[in-house]
Amino acid sequence: LWNPIAHWTTPQVFAAHDTPGIPLHVAYTCYQSSRLSCRFCVLQSLGDAPASASAPANRPALLHLVDLEATSTFSFQPARWLADVAPRHIPGNLRNRITVAKADAAERRRLESAMPPDLRYVRGWPPRVPTIEEAGVVAASRAPILARHGLANLYP
C-alpha cells in the first residue's frame, strides 16, 4: 500500500512508537519540533525553524541559507527571513549584510511594482510584447536590480 498510515492522527503515530518502545527522532525529543523534515524547510512552521536552528549540527546549513538570503535579497520563506529565526547564531558581518539585503529587497519590490502588472513573470512568459514605453519602464526597473547583484545589463 502507498502511504498505509496516512490517515493516522499525530497521537496515533506517537502511540505506535511508544507502545513497542521505538525511540523518537531527536528533532522531537531534544529540539521540540512539531514534525520531522529537512533541517530548514520552506514549509516549516514558525516554531520548527528556531527548533532546527537550536541544533548545533544544523548551524552550517543555517549560515549557508542566511548567506543566500543576504546575497539574493530574497527571504527563505515568502514572509519570513531565516536570519530572523535565530539571530544569536548569525555572525555580525552576516547580520549587517541581511540588514542591507532587507532594504534592497524592499527597493526591489518597489521597482518591480512600477512594471506593468501584465508583463510580470507568468508561466509561458512573456504574455505579450511590451510597448516601447513599457519596455523603458521595465529596463529602468531592472537596471538597479542588476547593478545591486553585479550583473551585466545586456538589454538596457
# chains A, B, ... in the order shown; residues from 1 in each chain; ligands from 1
>>> residues_around(residues="Val66 of chain A", least_positions_apart="2", cutoff="8 Å", atoms="only C-alpha atoms", output="list in words")
Leu62, Leu63, His64, Leu68, Glu69, Ala70, Phe76, Leu82, Ala83, Leu94 and Ile98 of chain A
>>> write_last_selection(atoms="all heavy atoms", output="compact mmCIF listing (two decimals), in the first residue's frame")
# COMPACT_ATOMS: atom_id res chain seq x y z
N LEU A 62 22.21 26.56 8.42
CA LEU A 62 21.58 27.84 8.75
C LEU A 62 22.39 28.99 8.16
O LEU A 62 21.85 29.86 7.47
CB LEU A 62 21.45 28.00 10.26
CG LEU A 62 20.99 29.37 10.76
CD1 LEU A 62 19.53 29.62 10.39
CD2 LEU A 62 21.20 29.50 12.26
N LEU A 63 23.70 28.99 8.41
CA LEU A 63 24.54 30.08 7.93
C LEU A 63 24.61 30.12 6.41
O LEU A 63 24.61 31.20 5.80
CB LEU A 63 25.94 29.98 8.54
CG LEU A 63 25.99 30.16 10.06
CD1 LEU A 63 27.41 29.97 10.57
CD2 LEU A 63 25.43 31.50 10.47
N HIS A 64 24.61 28.97 5.79
CA HIS A 64 24.63 28.91 4.33
C HIS A 64 23.34 29.52 3.76
O HIS A 64 23.40 30.33 2.82
CB HIS A 64 24.79 27.46 3.86
CG HIS A 64 24.71 27.30 2.38
ND1 HIS A 64 25.71 27.71 1.53
CD2 HIS A 64 23.73 26.80 1.59
CE1 HIS A 64 25.36 27.46 0.28
NE2 HIS A 64 24.16 26.92 0.30
N LEU A 68 22.64 32.97 1.58
CA LEU A 68 21.86 33.05 0.34
C LEU A 68 20.83 34.16 0.41
O LEU A 68 20.61 34.87 -0.57
CB LEU A 68 21.17 31.71 0.06
CG LEU A 68 22.05 30.59 -0.46
CD1 LEU A 68 21.25 29.30 -0.56
CD2 LEU A 68 22.64 30.94 -1.81
N GLU A 69 20.18 34.32 1.56
CA GLU A 69 19.24 35.43 1.73
C GLU A 69 19.95 36.77 1.53
O GLU A 69 19.46 37.65 0.82
CB GLU A 69 18.60 35.40 3.12
CG GLU A 69 17.60 34.32 3.35
CD GLU A 69 16.98 34.38 4.74
OE1 GLU A 69 17.72 34.62 5.73
OE2 GLU A 69 15.77 34.18 4.85
N ALA A 70 21.11 36.91 2.17
CA ALA A 70 21.85 38.17 2.10
C ALA A 70 22.31 38.47 0.68
O ALA A 70 22.28 39.61 0.23
CB ALA A 70 23.04 38.13 3.05
N PHE A 76 13.94 33.40 2.87
CA PHE A 76 13.82 31.94 2.76
C PHE A 76 12.38 31.52 2.57
O PHE A 76 12.08 30.63 1.78
CB PHE A 76 14.43 31.30 4.00
CG PHE A 76 14.49 29.80 3.96
CD1 PHE A 76 15.33 29.15 3.07
CD2 PHE A 76 13.71 29.03 4.81
CE1 PHE A 76 15.39 27.76 3.02
CE2 PHE A 76 13.76 27.65 4.78
CZ PHE A 76 14.61 27.02 3.88
N LEU A 82 14.94 33.72 7.29
CA LEU A 82 15.55 32.72 8.15
C LEU A 82 16.55 33.39 9.10
O LEU A 82 16.73 32.96 10.23
CB LEU A 82 16.24 31.64 7.31
CG LEU A 82 16.70 30.39 8.02
CD1 LEU A 82 15.56 29.72 8.79
CD2 LEU A 82 17.31 29.42 7.03
N ALA A 83 17.14 34.47 8.66
CA ALA A 83 18.09 35.21 9.51
C ALA A 83 17.44 35.71 10.80
O ALA A 83 18.13 35.90 11.80
CB ALA A 83 18.67 36.39 8.74
N LEU A 94 27.39 38.99 8.86
CA LEU A 94 26.26 38.44 8.11
C LEU A 94 24.97 39.15 8.51
O LEU A 94 24.11 39.42 7.66
CB LEU A 94 26.16 36.93 8.33
CG LEU A 94 25.14 36.17 7.49
CD1 LEU A 94 25.26 36.49 6.00
CD2 LEU A 94 25.28 34.67 7.73
N ILE A 98 22.45 41.12 6.02
CA ILE A 98 21.00 40.88 5.99
C ILE A 98 20.25 42.20 6.10
O ILE A 98 19.25 42.41 5.41
CB ILE A 98 20.59 39.91 7.13
CG1 ILE A 98 20.96 38.48 6.74
CG2 ILE A 98 19.11 40.00 7.43
CD1 ILE A 98 20.19 37.89 5.57
>>> residues_around(residues="Pro116 of chain A", least_positions_apart="5", cutoff="10 Å", atoms="only C-alpha atoms", output="short mmCIF file (atom, residue, chain, number, x, y, z; two decimals) with all heavy atoms, in the first residue's frame")
data_model
loop_
_atom_site.label_atom_id
_atom_site.label_comp_id
_atom_site.auth_asym_id
_atom_site.auth_seq_id
_atom_site.Cartn_x
_atom_site.Cartn_y
_atom_site.Cartn_z
N PRO A 130 5.93 44.04 -25.00
CA PRO A 130 5.67 45.35 -24.40
C PRO A 130 5.75 46.46 -25.45
O PRO A 130 6.42 46.32 -26.47
CB PRO A 130 6.78 45.51 -23.38
CG PRO A 130 7.88 44.62 -23.85
CD PRO A 130 7.22 43.49 -24.58
N GLU A 134 6.57 50.80 -22.24
CA GLU A 134 6.61 49.76 -21.20
C GLU A 134 8.00 49.14 -21.11
O GLU A 134 8.50 48.87 -20.01
CB GLU A 134 5.57 48.68 -21.49
CG GLU A 134 4.15 49.13 -21.30
CD GLU A 134 3.15 48.10 -21.79
OE1 GLU A 134 3.45 47.35 -22.74
OE2 GLU A 134 2.04 48.05 -21.21
N ALA A 135 8.64 48.91 -22.26
CA ALA A 135 9.99 48.35 -22.26
C ALA A 135 10.94 49.30 -21.53
O ALA A 135 11.84 48.85 -20.80
CB ALA A 135 10.46 48.10 -23.69
N VAL A 137 10.12 51.28 -19.03
CA VAL A 137 9.83 51.13 -17.59
C VAL A 137 10.49 49.86 -17.06
O VAL A 137 11.12 49.87 -15.98
CB VAL A 137 8.30 51.10 -17.34
CG1 VAL A 137 8.00 50.70 -15.90
CG2 VAL A 137 7.69 52.45 -17.66
N VAL A 138 10.38 48.76 -17.80
CA VAL A 138 10.99 47.50 -17.38
C VAL A 138 12.51 47.67 -17.30
O VAL A 138 13.15 47.27 -16.32
CB VAL A 138 10.60 46.35 -18.32
CG1 VAL A 138 11.40 45.09 -18.02
CG2 VAL A 138 9.10 46.06 -18.22
#
>>> closest_residue(among="A:Thr131, A:Asn93, A:Thr10, A:Thr73", to="Ile145 of chain A", atoms="only C-alpha atoms")
A:Thr73
>>> atom_distance(atom1="atom CA of Ser72 of chain A", atom2="atom CA of Ala101 of chain A")
7.6 Å
>>> select_by_dssp(residues="chain A", states="helix (DSSP H, G or I)", output="JSON, numbers by chain")
{"A": [10, 11, 12, 13, 14, 15, 16, 17, 18, 26, 27, 28, 29, 48, 49, 50, 51, 52, 53, 56, 57, 58, 59, 60, 61, 62, 63, 64, 65, 66, 67, 68, 69, 70, 71, 72, 82, 83, 84, 87, 88, 89, 92, 93, 94, 95, 96, 97, 98, 99, 100, 101, 102, 103, 104, 105, 106, 107, 108, 109, 110, 111, 112, 113, 117, 118, 119, 132, 133, 134, 135, 136, 137, 138, 139, 140, 141, 142, 143, 144, 145, 146, 147, 148]}
>>> residues_around(residues="Arg39 of chain A", least_positions_apart="6", cutoff="10 Å", atoms="only C-alpha atoms", output="list in words")
Ala27, Asp48, Ala49, Ala51, Ser52, Ala53, Ala55, Ala57, Asn58, Arg59, Ala61 and Leu62 of chain A
>>> decode(residues="segment 56-94 of chain A", atoms="N, CA and C atoms", output="compact mmCIF listing (two decimals), in the first residue's frame")
# COMPACT_ATOMS: atom_id res chain seq x y z
N PRO A 56 23.00 22.23 17.12
CA PRO A 56 24.34 22.62 16.66
C PRO A 56 24.72 22.03 15.31
N ALA A 57 24.30 20.82 15.01
CA ALA A 57 24.64 20.20 13.73
C ALA A 57 24.01 20.93 12.54
N ASN A 58 22.99 21.73 12.80
CA ASN A 58 22.30 22.44 11.72
C ASN A 58 22.88 23.83 11.46
N ARG A 59 23.81 24.29 12.27
CA ARG A 59 24.33 25.66 12.12
C ARG A 59 24.97 25.93 10.77
N PRO A 60 25.80 25.00 10.23
CA PRO A 60 26.36 25.30 8.90
C PRO A 60 25.27 25.50 7.84
N ALA A 61 24.23 24.70 7.89
CA ALA A 61 23.13 24.87 6.93
C ALA A 61 22.42 26.20 7.15
N LEU A 62 22.21 26.56 8.42
CA LEU A 62 21.58 27.84 8.75
C LEU A 62 22.39 28.99 8.16
N LEU A 63 23.70 28.99 8.41
CA LEU A 63 24.54 30.08 7.93
C LEU A 63 24.61 30.12 6.41
N HIS A 64 24.61 28.97 5.79
CA HIS A 64 24.63 28.91 4.33
C HIS A 64 23.34 29.52 3.76
N LEU A 65 22.21 29.15 4.32
CA LEU A 65 20.93 29.67 3.82
C LEU A 65 20.77 31.16 4.11
N VAL A 66 21.24 31.61 5.26
CA VAL A 66 21.17 33.04 5.57
C VAL A 66 22.09 33.81 4.62
N ASP A 67 23.23 33.23 4.30
CA ASP A 67 24.12 33.86 3.32
C ASP A 67 23.41 33.98 1.96
N LEU A 68 22.64 32.97 1.58
CA LEU A 68 21.86 33.05 0.34
C LEU A 68 20.83 34.16 0.41
N GLU A 69 20.18 34.32 1.56
CA GLU A 69 19.24 35.43 1.73
C GLU A 69 19.95 36.77 1.53
N ALA A 70 21.11 36.91 2.17
CA ALA A 70 21.85 38.17 2.10
C ALA A 70 22.31 38.47 0.68
N THR A 71 22.73 37.43 -0.03
CA THR A 71 23.23 37.61 -1.40
C THR A 71 22.10 37.88 -2.38
N SER A 72 21.00 37.15 -2.23
CA SER A 72 19.92 37.21 -3.23
C SER A 72 18.90 38.33 -2.99
N THR A 73 18.77 38.77 -1.75
CA THR A 73 17.72 39.71 -1.30
C THR A 73 16.34 39.08 -1.28
N PHE A 74 16.28 37.76 -1.30
CA PHE A 74 15.00 37.05 -1.18
C PHE A 74 15.00 36.30 0.15
N SER A 75 13.90 36.41 0.88
CA SER A 75 13.78 35.71 2.16
C SER A 75 13.55 34.21 1.90
N PHE A 76 13.94 33.40 2.87
CA PHE A 76 13.82 31.94 2.76
C PHE A 76 12.38 31.52 2.57
N GLN A 77 11.48 32.10 3.31
CA GLN A 77 10.05 31.89 3.15
C GLN A 77 9.45 33.21 2.68
N PRO A 78 8.32 33.17 1.99
CA PRO A 78 7.78 34.41 1.42
C PRO A 78 7.63 35.56 2.42
N ALA A 79 7.26 35.29 3.63
CA ALA A 79 7.02 36.37 4.59
C ALA A 79 7.96 36.31 5.79
N ARG A 80 9.04 35.51 5.68
CA ARG A 80 9.89 35.31 6.85
C ARG A 80 11.34 35.10 6.42
N TRP A 81 12.24 35.87 7.05
CA TRP A 81 13.67 35.72 6.80
C TRP A 81 14.22 34.70 7.78
N LEU A 82 14.94 33.72 7.29
CA LEU A 82 15.55 32.72 8.15
C LEU A 82 16.55 33.39 9.10
N ALA A 83 17.14 34.47 8.66
CA ALA A 83 18.09 35.21 9.51
C ALA A 83 17.44 35.71 10.80
N ASP A 84 16.14 35.91 10.79
CA ASP A 84 15.44 36.41 11.98
C ASP A 84 15.07 35.30 12.95
N VAL A 85 15.23 34.06 12.55
CA VAL A 85 14.80 32.93 13.37
C VAL A 85 15.70 32.76 14.60
N ALA A 86 16.99 32.89 14.39
CA ALA A 86 17.95 32.69 15.50
C ALA A 86 19.09 33.69 15.34
N PRO A 87 18.82 34.96 15.53
CA PRO A 87 19.85 35.98 15.27
C PRO A 87 21.12 35.80 16.12
N ARG A 88 21.00 35.17 17.26
CA ARG A 88 22.18 35.00 18.11
C ARG A 88 23.21 34.05 17.47
N HIS A 89 22.78 33.26 16.48
CA HIS A 89 23.69 32.33 15.80
C HIS A 89 24.27 32.93 14.51
N ILE A 90 23.87 34.16 14.19
CA ILE A 90 24.32 34.79 12.94
C ILE A 90 25.46 35.75 13.27
N PRO A 91 26.63 35.56 12.68
CA PRO A 91 27.74 36.47 12.97
C PRO A 91 27.41 37.91 12.55
N GLY A 92 28.05 38.86 13.21
CA GLY A 92 27.77 40.28 13.00
C GLY A 92 27.87 40.72 11.56
N ASN A 93 28.89 40.27 10.83
CA ASN A 93 29.03 40.70 9.43
C ASN A 93 27.87 40.19 8.58
N LEU A 94 27.39 38.99 8.86
CA LEU A 94 26.26 38.44 8.11
C LEU A 94 24.97 39.15 8.51
